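Chemist: Next up, data-v2.cif (mmCIF, C-alpha atoms and all ligand atoms).
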data_run
#
loop_
_atom_site.label_atom_id
_atom_site.label_comp_id
_atom_site.auth_asym_id
_atom_site.auth_seq_id
_atom_site.Cartn_x
_atom_site.Cartn_y
_atom_site.Cartn_z
CA MET A 1 111.45 86.51 72.81
CA GLY A 2 114.01 89.25 73.01
CA TYR A 3 114.11 92.95 73.68
CA GLU A 4 112.95 93.87 70.17
CA TRP A 5 109.83 91.77 70.52
CA TYR A 6 108.93 93.47 73.79
CA ARG A 7 109.66 96.90 72.33
CA ASP A 8 107.19 96.23 69.52
CA ASN A 9 104.58 94.46 71.61
CA THR A 10 104.19 96.67 74.69
CA TYR A 11 102.59 100.04 75.32
CA GLN A 12 102.54 102.51 78.21
CA LEU A 13 99.26 102.93 80.10
CA THR A 14 100.10 106.61 80.58
CA ASP A 15 99.80 107.07 76.79
CA THR A 16 96.18 105.95 76.83
CA GLY A 17 94.69 108.10 79.58
CA HIS A 18 94.24 105.13 81.92
CA ASP A 19 93.03 106.24 85.37
CA SER A 20 95.10 104.33 87.92
CA ASN A 21 92.57 105.09 90.67
CA ASP A 22 89.90 103.11 88.82
CA ARG A 23 90.06 99.50 89.97
CA MET A 24 87.61 98.12 87.41
CA ALA A 25 89.52 99.81 84.58
CA ALA A 26 92.72 98.33 86.01
CA ILE A 27 91.21 94.83 85.99
CA GLU A 28 90.17 95.28 82.36
CA ARG A 29 93.70 96.36 81.46
CA ALA A 30 95.15 93.43 83.40
CA LEU A 31 93.02 91.03 81.35
CA GLU A 32 94.70 92.30 78.17
CA TYR A 33 97.72 90.14 78.99
CA PRO A 34 97.77 87.22 79.12
CA GLY A 35 94.59 86.47 77.28
CA GLY A 36 94.10 89.40 74.94
CA GLU A 37 95.25 89.77 71.36
CA GLY A 38 96.82 93.23 71.54
CA LYS A 39 100.00 94.66 73.00
CA ILE A 40 101.09 94.21 76.61
CA PRO A 41 100.28 97.19 78.87
CA LEU A 42 103.10 98.58 81.03
CA GLY A 43 102.95 101.04 83.91
CA ILE A 44 100.83 101.59 86.98
CA PHE A 45 97.52 99.76 86.67
CA TYR A 46 96.12 100.68 90.04
CA GLN A 47 97.00 102.64 93.16
CA ASN A 48 94.98 103.40 96.23
CA ASN A 49 96.74 105.09 99.10
CA ASP A 50 93.74 105.23 101.43
CA THR A 51 93.70 101.63 102.63
CA PRO A 52 95.58 101.22 105.92
CA SER A 53 98.43 98.76 105.82
CA TYR A 54 98.39 95.62 107.94
CA GLU A 55 101.19 96.75 110.23
CA GLU A 56 99.42 100.06 110.89
CA GLN A 57 96.58 98.10 112.45
CA VAL A 58 98.51 95.78 114.76
CA PRO A 59 98.04 97.26 118.27
CA VAL A 60 101.35 96.00 119.65
CA LEU A 61 103.24 97.82 116.89
CA GLU A 62 101.91 101.21 117.96
CA ALA A 63 104.75 101.42 120.49
CA GLY A 64 107.28 101.16 117.64
CA PRO A 65 108.97 98.30 115.81
CA LEU A 66 109.00 95.04 117.77
CA ALA A 67 112.74 94.82 117.24
CA ASP A 68 113.17 97.98 119.33
CA GLN A 69 110.78 96.96 122.09
CA PRO A 70 112.08 95.36 125.29
CA LEU A 71 112.48 91.62 124.95
CA ARG A 72 110.64 90.96 128.21
CA LYS A 73 107.61 93.09 128.67
CA TYR A 74 106.36 91.22 131.75
CA PRO A 75 108.19 89.58 134.67
CA ILE A 76 109.43 86.09 133.80
CA GLU A 77 106.81 84.46 136.09
CA LYS A 78 104.08 85.67 133.78
CA TYR A 79 105.58 83.69 130.89
CA ARG A 80 105.95 80.63 133.14
CA GLU A 81 102.23 80.83 133.88
CA LEU A 82 101.48 80.74 130.17
CA LEU A 83 103.82 77.79 129.69
CA ASP A 84 102.19 75.92 132.57
CA GLU A 85 98.83 76.42 130.96
CA LEU A 86 100.09 74.73 127.82
CA PHE A 87 102.05 71.79 129.19
CA MET B 1 121.54 111.70 100.54
CA SER B 2 122.55 108.26 99.30
CA THR B 3 123.89 107.52 95.83
CA VAL B 4 123.68 104.45 93.62
CA GLN B 5 127.26 103.73 94.70
CA ASP B 6 126.15 103.35 98.31
CA PHE B 7 123.98 100.40 97.27
CA SER B 8 126.67 98.80 95.10
CA ASN B 9 129.39 96.31 95.96
CA ASP B 10 132.16 94.90 93.78
CA ILE B 11 130.76 91.40 93.30
CA ARG B 12 130.03 90.65 89.66
CA PRO B 13 126.64 89.05 88.98
CA THR B 14 126.65 85.58 87.43
CA TRP B 15 123.67 86.53 85.24
CA CYS B 16 124.00 85.94 81.49
CA PRO B 17 124.98 88.91 79.33
CA GLY B 18 121.81 90.76 78.34
CA CYS B 19 119.74 89.27 81.17
CA GLY B 20 116.74 91.40 82.20
CA ASN B 21 117.86 91.15 85.82
CA TYR B 22 120.50 93.82 85.19
CA GLY B 23 117.76 96.33 84.36
CA ILE B 24 115.72 95.41 87.43
CA TRP B 25 118.83 95.61 89.60
CA ASN B 26 119.64 99.10 88.36
CA ALA B 27 116.05 100.28 88.63
CA ILE B 28 115.88 99.15 92.27
CA LYS B 29 119.09 101.00 93.14
CA ARG B 30 117.85 104.16 91.43
CA ALA B 31 114.48 103.87 93.17
CA LEU B 32 116.13 103.56 96.58
CA VAL B 33 118.19 106.68 95.91
CA ALA B 34 115.10 108.54 94.64
CA ALA B 35 113.29 107.59 97.85
CA GLU B 36 116.22 109.05 99.84
CA LEU B 37 116.85 105.77 101.61
CA GLU B 38 120.18 104.57 102.98
CA PRO B 39 121.22 100.91 102.86
CA ARG B 40 120.47 100.53 106.59
CA ASP B 41 116.84 101.64 106.03
CA VAL B 42 116.15 98.72 103.72
CA MET B 43 115.75 94.96 103.86
CA MET B 44 115.81 92.87 100.68
CA VAL B 45 114.31 89.40 100.90
CA THR B 46 114.62 87.04 97.94
CA GLY B 47 113.85 83.42 97.18
CA ILE B 48 115.65 80.95 94.94
CA GLY B 49 116.12 81.65 91.25
CA CYS B 50 118.39 83.62 88.94
CA GLY B 51 117.28 87.06 90.04
CA SER B 52 116.93 86.01 93.66
CA LYS B 53 120.73 86.17 93.84
CA MET B 54 120.35 89.96 93.91
CA PRO B 55 121.21 90.66 97.59
CA ASN B 56 124.66 89.19 96.91
CA TYR B 57 125.28 91.88 94.34
CA MET B 58 124.21 94.83 96.47
CA HIS B 59 125.42 96.61 99.55
CA ILE B 60 122.18 96.15 101.41
CA PRO B 61 120.85 94.07 104.32
CA GLY B 62 119.43 91.01 102.60
CA LEU B 63 118.17 87.51 103.04
CA ASN B 64 118.29 84.85 100.34
CA GLY B 65 115.54 82.59 101.61
CA LEU B 66 113.77 79.41 100.60
CA TYR B 67 112.21 78.81 97.22
CA GLY B 68 108.59 79.98 97.31
CA ARG B 69 108.73 81.36 100.84
CA THR B 70 110.00 84.82 100.00
CA LEU B 71 106.85 86.68 101.03
CA ALA B 72 106.38 84.59 104.17
CA LEU B 73 109.87 85.53 105.35
CA ALA B 74 109.36 89.15 104.37
CA THR B 75 106.05 89.31 106.25
CA GLY B 76 107.78 88.08 109.39
CA TYR B 77 110.56 90.58 108.91
CA LYS B 78 108.15 93.46 108.30
CA LEU B 79 106.15 92.72 111.44
CA ALA B 80 109.30 92.43 113.54
CA ASN B 81 110.81 95.62 112.15
CA HIS B 82 108.19 97.68 110.37
CA GLY B 83 110.35 100.80 110.26
CA LYS B 84 112.37 99.26 107.42
CA LYS B 85 111.57 99.40 103.74
CA VAL B 86 111.09 95.75 102.85
CA ILE B 87 111.61 94.74 99.22
CA THR B 88 111.10 91.22 97.94
CA VAL B 89 112.64 90.11 94.66
CA HIS B 90 111.77 86.69 93.27
CA GLY B 91 110.90 84.81 90.12
CA ASP B 92 107.61 83.69 88.63
CA GLY B 93 108.23 80.12 89.77
CA ASP B 94 108.99 81.27 93.28
CA GLY B 95 106.25 83.89 93.40
CA TYR B 96 103.35 82.26 91.56
CA SER B 97 103.71 78.52 91.84
CA MET B 98 105.42 77.50 95.07
CA GLY B 99 104.68 80.88 96.67
CA GLY B 100 101.35 81.64 95.00
CA ASN B 101 99.49 81.26 98.28
CA HIS B 102 101.76 83.78 99.99
CA LEU B 103 101.21 86.27 97.18
CA MET B 104 97.45 86.03 97.54
CA HIS B 105 97.56 86.59 101.29
CA THR B 106 100.18 89.33 101.16
CA VAL B 107 98.07 91.46 98.83
CA ARG B 108 94.90 90.68 100.76
CA ARG B 109 96.51 91.80 104.02
CA ASN B 110 98.08 94.89 102.47
CA ILE B 111 101.42 94.40 104.17
CA GLY B 112 104.00 97.13 103.48
CA ILE B 113 106.21 95.11 101.16
CA VAL B 114 107.39 96.14 97.69
CA ASP B 115 107.07 92.83 95.86
CA ILE B 116 109.02 92.66 92.61
CA ILE B 117 108.46 89.54 90.52
CA GLN B 118 111.05 88.92 87.82
CA ASP B 119 108.59 87.25 85.55
CA ASN B 120 110.59 85.69 82.73
CA HIS B 121 107.83 83.09 82.14
CA VAL B 122 110.28 80.26 82.85
CA TYR B 123 112.15 78.41 85.59
CA ALA B 124 115.49 79.77 84.51
CA LEU B 125 117.91 78.72 87.25
CA THR B 126 116.86 75.08 86.94
CA ARG B 127 117.36 75.32 83.19
CA GLY B 128 114.10 75.98 81.48
CA GLN B 129 110.98 74.23 82.73
CA TYR B 130 107.67 75.96 82.00
CA SER B 131 106.26 78.22 84.72
CA PRO B 132 102.73 79.40 85.66
CA THR B 133 103.05 82.35 83.26
CA SER B 134 104.55 80.46 80.29
CA ARG B 135 102.57 80.87 77.08
CA SER B 136 100.32 77.96 76.09
CA GLY B 137 101.97 75.55 73.69
CA TRP B 138 105.49 76.39 74.81
CA VAL B 139 107.92 73.52 74.29
CA THR B 140 110.31 72.86 77.18
CA ARG B 141 111.99 69.78 78.62
CA THR B 142 109.00 69.34 80.92
CA SER B 143 106.52 69.98 78.10
CA PRO B 144 107.99 68.29 75.01
CA GLU B 145 104.63 68.47 73.21
CA GLY B 146 104.02 72.05 74.31
CA THR B 147 102.25 73.20 77.47
CA ILE B 148 98.55 72.49 77.74
CA GLU B 149 97.89 74.94 80.56
CA LYS B 150 96.62 78.48 80.20
CA PRO B 151 98.95 81.04 81.81
CA LEU B 152 98.09 82.63 85.14
CA ASN B 153 97.16 86.32 85.17
CA PRO B 154 99.00 87.58 88.27
CA LEU B 155 97.96 91.23 87.91
CA ALA B 156 94.27 90.37 87.68
CA MET B 157 94.70 88.03 90.64
CA ALA B 158 96.38 90.73 92.73
CA LEU B 159 93.75 93.32 91.78
CA THR B 160 90.79 91.14 92.58
CA GLN B 161 92.30 90.11 95.91
CA GLY B 162 92.61 93.70 97.07
CA ALA B 163 96.13 94.80 96.12
CA THR B 164 96.50 98.55 96.64
CA PHE B 165 99.30 99.07 94.13
CA VAL B 166 99.72 97.05 90.95
CA ALA B 167 102.21 97.77 88.18
CA ARG B 168 104.09 96.12 85.33
CA SER B 169 107.45 97.24 84.05
CA PHE B 170 109.92 95.88 81.54
CA GLY B 171 113.31 95.05 82.99
CA CYS B 172 115.47 96.78 80.47
CA CYS B 173 116.28 100.45 80.12
CA ARG B 174 117.29 99.92 76.50
CA ILE B 175 113.64 100.16 75.58
CA GLY B 176 112.37 103.69 75.79
CA GLY B 177 115.34 104.84 77.84
CA PRO B 178 115.64 105.22 81.61
CA ASP B 179 113.18 108.09 81.78
CA ARG B 180 110.22 106.06 80.71
CA GLN B 181 111.02 102.64 82.10
CA GLY B 182 113.15 103.59 85.06
CA ALA B 183 110.74 106.21 86.32
CA GLN B 184 108.16 103.65 87.29
CA PRO B 185 110.06 101.72 89.91
CA SER B 186 111.45 104.98 91.30
CA ARG B 187 108.02 106.46 91.73
CA LEU B 188 107.00 103.27 93.37
CA CYS B 189 109.39 103.41 96.24
CA ALA B 190 109.25 107.16 96.69
CA ASP B 191 105.50 107.65 96.75
CA ARG B 192 104.55 104.68 98.80
CA ARG B 193 106.84 104.74 101.76
CA ASP B 194 104.72 102.41 103.84
CA ALA B 195 101.12 102.55 102.86
CA GLY B 196 100.73 98.87 102.06
CA VAL B 197 101.69 96.32 99.48
CA CYS B 198 103.18 97.21 96.07
CA PHE B 199 102.96 94.43 93.52
CA VAL B 200 105.19 94.86 90.47
CA GLN B 201 105.49 92.32 87.69
C1 LIG C 1 111.50 73.65 97.73
C2 LIG C 1 112.23 73.72 96.46
N1 LIG C 1 111.73 73.15 95.34
C3 LIG C 1 112.38 73.25 94.17
C4 LIG C 1 113.58 73.89 94.09
C5 LIG C 1 114.33 73.95 92.79
N2 LIG C 1 114.26 75.25 92.16
C6 LIG C 1 115.21 76.18 92.36
S1 LIG C 1 114.99 77.56 91.48
C7 LIG C 1 113.57 76.92 90.79
C8 LIG C 1 112.77 77.67 89.77
C9 LIG C 1 113.15 79.10 89.64
O1 LIG C 1 112.30 79.73 88.77
P1 LIG C 1 111.86 81.22 89.03
O2 LIG C 1 111.33 81.38 90.40
O3 LIG C 1 110.96 81.63 87.91
O4 LIG C 1 113.24 82.04 88.97
P2 LIG C 1 114.20 82.34 87.72
O5 LIG C 1 115.34 81.40 87.86
O6 LIG C 1 113.41 82.14 86.47
O7 LIG C 1 114.62 83.76 87.93
C10 LIG C 1 113.30 75.64 91.27
C11 LIG C 1 112.15 74.81 90.87
C12 LIG C 1 114.10 74.48 95.28
N3 LIG C 1 115.24 75.17 95.28
N4 LIG C 1 113.42 74.36 96.43
S1 LIG C 2 119.17 82.05 82.61
FE1 LIG C 2 119.02 83.39 84.41
S2 LIG C 2 120.78 84.76 84.27
FE2 LIG C 2 120.50 83.83 82.24
S3 LIG C 2 119.20 85.27 81.12
FE3 LIG C 2 117.83 83.76 82.08
S4 LIG C 2 117.21 84.69 84.05
FE4 LIG C 2 119.04 85.79 83.30
MG MG C 3 111.39 82.67 86.19
#
Once more with this new file: its structure as structure tokens, please.
Modeler:
Amino acid sequence: MGYEWYRDNTYQLTDTGHDSNDRMAAIERALEYPGGEGKIPLGIFYQNNDTPSYEEQVPVLEAGPLADQPLRKYPIEKYRELLDELF
Amino acid sequence: MSTVQDFSNDIRPTWCPGCGNYGIWNAIKRALVAAELEPRDVMMVTGIGCGSKMPNYMHIPGLNGLYGRTLALATGYKLANHGKKVITVHGDGDGYSMGGNHLMHTVRRNIGIVDIIQDNHVYALTRGQYSPTSRSGWVTRTSPEGTIEKPLNPLAMALTQGATFVARSFGCCRIGGPDRQGAQPSRLCADRRDAGVCFVQ
């Protein structure tokens, strides 16, 4: 199926008044393809900017990216203790 | 301010003439410029597949990883260096079959990755086996009588598993012109600097 097919068989969600903050409406639109009979919806189905990201919730990352943090946070003995516990 | 040129190199893609990957490639570059990012602010992680060759054709820090493990690598990268804009680019085979588990957990965790799936409904690089999104009844070398399976619905999957941004675009600016099609990926990167996962089919 080439470009012409997609041109004729897609539509923009923005042309239909779809509310991209409405998750249930987004799920209904998502079920239109594959599965439905009509055209394929294009555009933003859903957006929610209020949910915190994973990395925002990792305590150790509060001090900045790990890559910029000192390689050894504790004296080397501390790591040896951990190793001894394991082996 | 960066320009599209800043993200370009002089290596010619091996993609077929007319391939949808050209449109995706251009849309990503435009989106990065619209988001006022420089190449050093970005990390592109890809898998294995036609479009996964993309970091080779851009002036951008990139990693061409293992088939199916694109999001696992990107998650590790994001947690090690969360100041960077992490973009994953991979195919439907990579993203939904071998890497389907990673997709589910990436959206559930809401990790700040812009995940772009080049969903051509086929395993293209390996020459045309059916994929999780192939239409039922499609005849390929691995389905000579037509596929029996029903296609996966990745957008519905992402939405029900808690994805906080879900979109579908068509990878060619010839349809509708760059204003309509190209605007979507641009808005994507610009509006959602780092507020969680963006899933784009
Ligand atoms: C672990 C592993 N299994 C299988 C392969 C072979 N392989 C390479 S690309 C590919 C399919 C690619 O399809 P898709 O992800 O849809 O990308 P496309 O080429 O269509 O862009 C497969 C099965 C591989 N490289 N590694
Ligand atoms: S085979 Fe690969 S490069 Fe050629 S059109 Fe398909 S996805 Fe593009
Ligand atoms: Mg594919």
Chemist: Quick one: 3 Å padding each side, axis-aligned, all listed atoms of ligand LIG 2 (chain C) - centre and edge lengths in Å to one decimal, as AutoDock Vina command-line options?
Modeler:
--center_x 119.0 --center_y 83.9 --center_z 82.8 --size_x 9.6 --size_y 9.7 --size_z 9.3
Chemist: Considering only C-alpha atoms, return as a ChimeraX atom specification whatever protein or nucleic-acid residues lie within 12 Å of B:Gly128, sequence-local ones (same chain, fewer than 5 positions apart) excluded.
Modeler: /B:49-50,93,120-123,134,138-144
Chemist: For stretch 8-11 of chain A, work out the shell of residues within 7 Å, counting only C-alpha atoms and skipping chain neighbours fewer than 6 positions away, then give it as a list in words.
Modeler: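 Near stretch 8-11 of chain A, the qualifying residues are Lys39, Ile40, Pro41 and Leu42 of chain A.
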Chemist: Just give me the gap between atom CA of A:Thr16 and atom CA of B:Val107 in Å, one decimal is fine.
Modeler: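 So the two atoms, atom CA of A:Thr16 and atom CA of B:Val107, lie 26.4 Å apart.
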Chemist: Check every residue of chain A for an atom within 9 Å of chain B, counting only C-alpha atoms, and provide those that qualify as a ChimeraX atom specification.
Modeler: /A:3-4,6-7,10,12,23-24,26-31,33-35,41-56,58,61,64-68
Chemist: Within 8 Å of ligand LIG 1 (chain C), which residues show up when you count all atoms listed in the file? List them as a ChimeraX atom specification, please.
Modeler: /B:47-52,66-68,90-95,98,118-128,131
Chemist: Can you spit out the residues from that selection as a PDB file, in the frame of the given file, using C-alpha atoms?
Modeler:
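Written out: part_24.pdb:
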ATOM      1  CA  GLY B  47     113.850  83.420  97.180  1.00  0.00           C
ATOM      2  CA  ILE B  48     115.650  80.950  94.940  1.00  0.00           C
ATOM      3  CA  GLY B  49     116.120  81.650  91.250  1.00  0.00           C
ATOM      4  CA  CYS B  50     118.390  83.620  88.940  1.00  0.00           C
ATOM      5  CA  GLY B  51     117.280  87.060  90.040  1.00  0.00           C
ATOM      6  CA  SER B  52     116.930  86.010  93.660  1.00  0.00           C
ATOM      7  CA  LEU B  66     113.770  79.410 100.600  1.00  0.00           C
ATOM      8  CA  TYR B  67     112.210  78.810  97.220  1.00  0.00           C
ATOM      9  CA  GLY B  68     108.590  79.980  97.310  1.00  0.00           C
ATOM     10  CA  HIS B  90     111.770  86.690  93.270  1.00  0.00           C
ATOM     11  CA  GLY B  91     110.900  84.810  90.120  1.00  0.00           C
ATOM     12  CA  ASP B  92     107.610  83.690  88.630  1.00  0.00           C
ATOM     13  CA  GLY B  93     108.230  80.120  89.770  1.00  0.00           C
ATOM     14  CA  ASP B  94     108.990  81.270  93.280  1.00  0.00           C
ATOM     15  CA  GLY B  95     106.250  83.890  93.400  1.00  0.00           C
ATOM     16  CA  MET B  98     105.420  77.500  95.070  1.00  0.00           C
ATOM     17  CA  GLN B 118     111.050  88.920  87.820  1.00  0.00           C
ATOM     18  CA  ASP B 119     108.590  87.250  85.550  1.00  0.00           C
ATOM     19  CA  ASN B 120     110.590  85.690  82.730  1.00  0.00           C
ATOM     20  CA  HIS B 121     107.830  83.090  82.140  1.00  0.00           C
ATOM     21  CA  VAL B 122     110.280  80.260  82.850  1.00  0.00           C
ATOM     22  CA  TYR B 123     112.150  78.410  85.590  1.00  0.00           C
ATOM     23  CA  ALA B 124     115.490  79.770  84.510  1.00  0.00           C
ATOM     24  CA  LEU B 125     117.910  78.720  87.250  1.00  0.00           C
ATOM     25  CA  THR B 126     116.860  75.080  86.940  1.00  0.00           C
ATOM     26  CA  ARG B 127     117.360  75.320  83.190  1.00  0.00           C
ATOM     27  CA  GLY B 128     114.100  75.980  81.480  1.00  0.00           C
ATOM     28  CA  SER B 131     106.260  78.220  84.720  1.00  0.00           C
TER      29      SER B 131
END
Chemist: Nearest residue to ligand LIG 2 (chain C) out of B:Ile24, B:Ala72, B:Val45, B:Leu103, using only C-alpha atoms and all ligand atoms?
Modeler: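 Closest to ligand LIG 2 (chain C), using only C-alpha atoms and all ligand atoms: B:Ile24.
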Chemist: Return the single residue from B:Ala34, B:Leu73, B:Val89, B:Met104 that is closest to ligand MG 3 (chain C), with distances computed using all atoms listed in the file.
Modeler: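 The answer is B:Val89, which sits nearest to ligand MG 3 (chain C).
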Chemist: For a quick check of understanding, using only C-alpha atoms, which of B:Gly137, B:Gly146, B:Ile116, B:Met1 has the smallest distance to B:Leu37?
Modeler: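 Comparing B:Gly137, B:Gly146, B:Ile116, B:Met1 against B:Leu37, the winner is B:Met1.
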Chemist: Could you please determine the separation between atom S3 of ligand LIG 2 (chain C) and atom CA of B:Val42 in Å, to one decimal place?
Modeler: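 Atom S3 of ligand LIG 2 (chain C) sits 26.5 Å away from atom CA of B:Val42.
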Chemist: Any chance you could build stretch 82-93 of chain B out to N, CA, C and O atoms and write it as a PDB file, keeping the file's coordinate frame?
Modeler:
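Written out: result.pdb:
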ATOM      1  N   HIS B  82     108.982  97.015 111.410  1.00  0.00           N
ATOM      2  CA  HIS B  82     108.190  97.680 110.370  1.00  0.00           C
ATOM      3  C   HIS B  82     108.726  99.045 109.972  1.00  0.00           C
ATOM      4  O   HIS B  82     108.236  99.643 109.014  1.00  0.00           O
ATOM      5  N   GLY B  83     109.741  99.536 110.676  1.00  0.00           N
ATOM      6  CA  GLY B  83     110.350 100.800 110.260  1.00  0.00           C
ATOM      7  C   GLY B  83     111.181 100.669 108.994  1.00  0.00           C
ATOM      8  O   GLY B  83     111.526 101.670 108.363  1.00  0.00           O
ATOM      9  N   LYS B  84     111.523  99.455 108.594  1.00  0.00           N
ATOM     10  CA  LYS B  84     112.370  99.260 107.420  1.00  0.00           C
ATOM     11  C   LYS B  84     111.541  99.161 106.143  1.00  0.00           C
ATOM     12  O   LYS B  84     110.399  98.699 106.171  1.00  0.00           O
ATOM     13  N   LYS B  85     112.167  99.590 105.060  1.00  0.00           N
ATOM     14  CA  LYS B  85     111.570  99.400 103.740  1.00  0.00           C
ATOM     15  C   LYS B  85     111.867  97.978 103.310  1.00  0.00           C
ATOM     16  O   LYS B  85     113.032  97.612 103.135  1.00  0.00           O
ATOM     17  N   VAL B  86     110.852  97.156 103.195  1.00  0.00           N
ATOM     18  CA  VAL B  86     111.090  95.750 102.850  1.00  0.00           C
ATOM     19  C   VAL B  86     110.770  95.525 101.368  1.00  0.00           C
ATOM     20  O   VAL B  86     109.676  95.843 100.899  1.00  0.00           O
ATOM     21  N   ILE B  87     111.770  95.008 100.654  1.00  0.00           N
ATOM     22  CA  ILE B  87     111.610  94.740  99.220  1.00  0.00           C
ATOM     23  C   ILE B  87     111.808  93.244  99.004  1.00  0.00           C
ATOM     24  O   ILE B  87     112.789  92.675  99.468  1.00  0.00           O
ATOM     25  N   THR B  88     110.888  92.620  98.310  1.00  0.00           N
ATOM     26  CA  THR B  88     111.100  91.220  97.940  1.00  0.00           C
ATOM     27  C   THR B  88     111.380  91.162  96.448  1.00  0.00           C
ATOM     28  O   THR B  88     110.782  91.905  95.660  1.00  0.00           O
ATOM     29  N   VAL B  89     112.297  90.305  96.064  1.00  0.00           N
ATOM     30  CA  VAL B  89     112.640  90.110  94.660  1.00  0.00           C
ATOM     31  C   VAL B  89     112.655  88.609  94.418  1.00  0.00           C
ATOM     32  O   VAL B  89     113.423  87.893  95.054  1.00  0.00           O
ATOM     33  N   HIS B  90     111.793  88.135  93.543  1.00  0.00           N
ATOM     34  CA  HIS B  90     111.770  86.690  93.270  1.00  0.00           C
ATOM     35  C   HIS B  90     111.162  86.404  91.908  1.00  0.00           C
ATOM     36  O   HIS B  90     110.569  87.281  91.292  1.00  0.00           O
ATOM     37  N   GLY B  91     111.333  85.169  91.463  1.00  0.00           N
ATOM     38  CA  GLY B  91     110.900  84.810  90.120  1.00  0.00           C
ATOM     39  C   GLY B  91     109.439  84.405  90.051  1.00  0.00           C
ATOM     40  O   GLY B  91     108.737  84.330  91.063  1.00  0.00           O
ATOM     41  N   ASP B  92     108.998  84.106  88.829  1.00  0.00           N
ATOM     42  CA  ASP B  92     107.610  83.690  88.630  1.00  0.00           C
ATOM     43  C   ASP B  92     107.360  82.290  89.198  1.00  0.00           C
ATOM     44  O   ASP B  92     106.270  82.005  89.699  1.00  0.00           O
ATOM     45  N   GLY B  93     108.373  81.439  89.158  1.00  0.00           N
ATOM     46  CA  GLY B  93     108.230  80.120  89.770  1.00  0.00           C
ATOM     47  C   GLY B  93     108.085  80.273  91.274  1.00  0.00           C
ATOM     48  O   GLY B  93     107.149  79.767  91.896  1.00  0.00           O
TER      49      GLY B  93
END
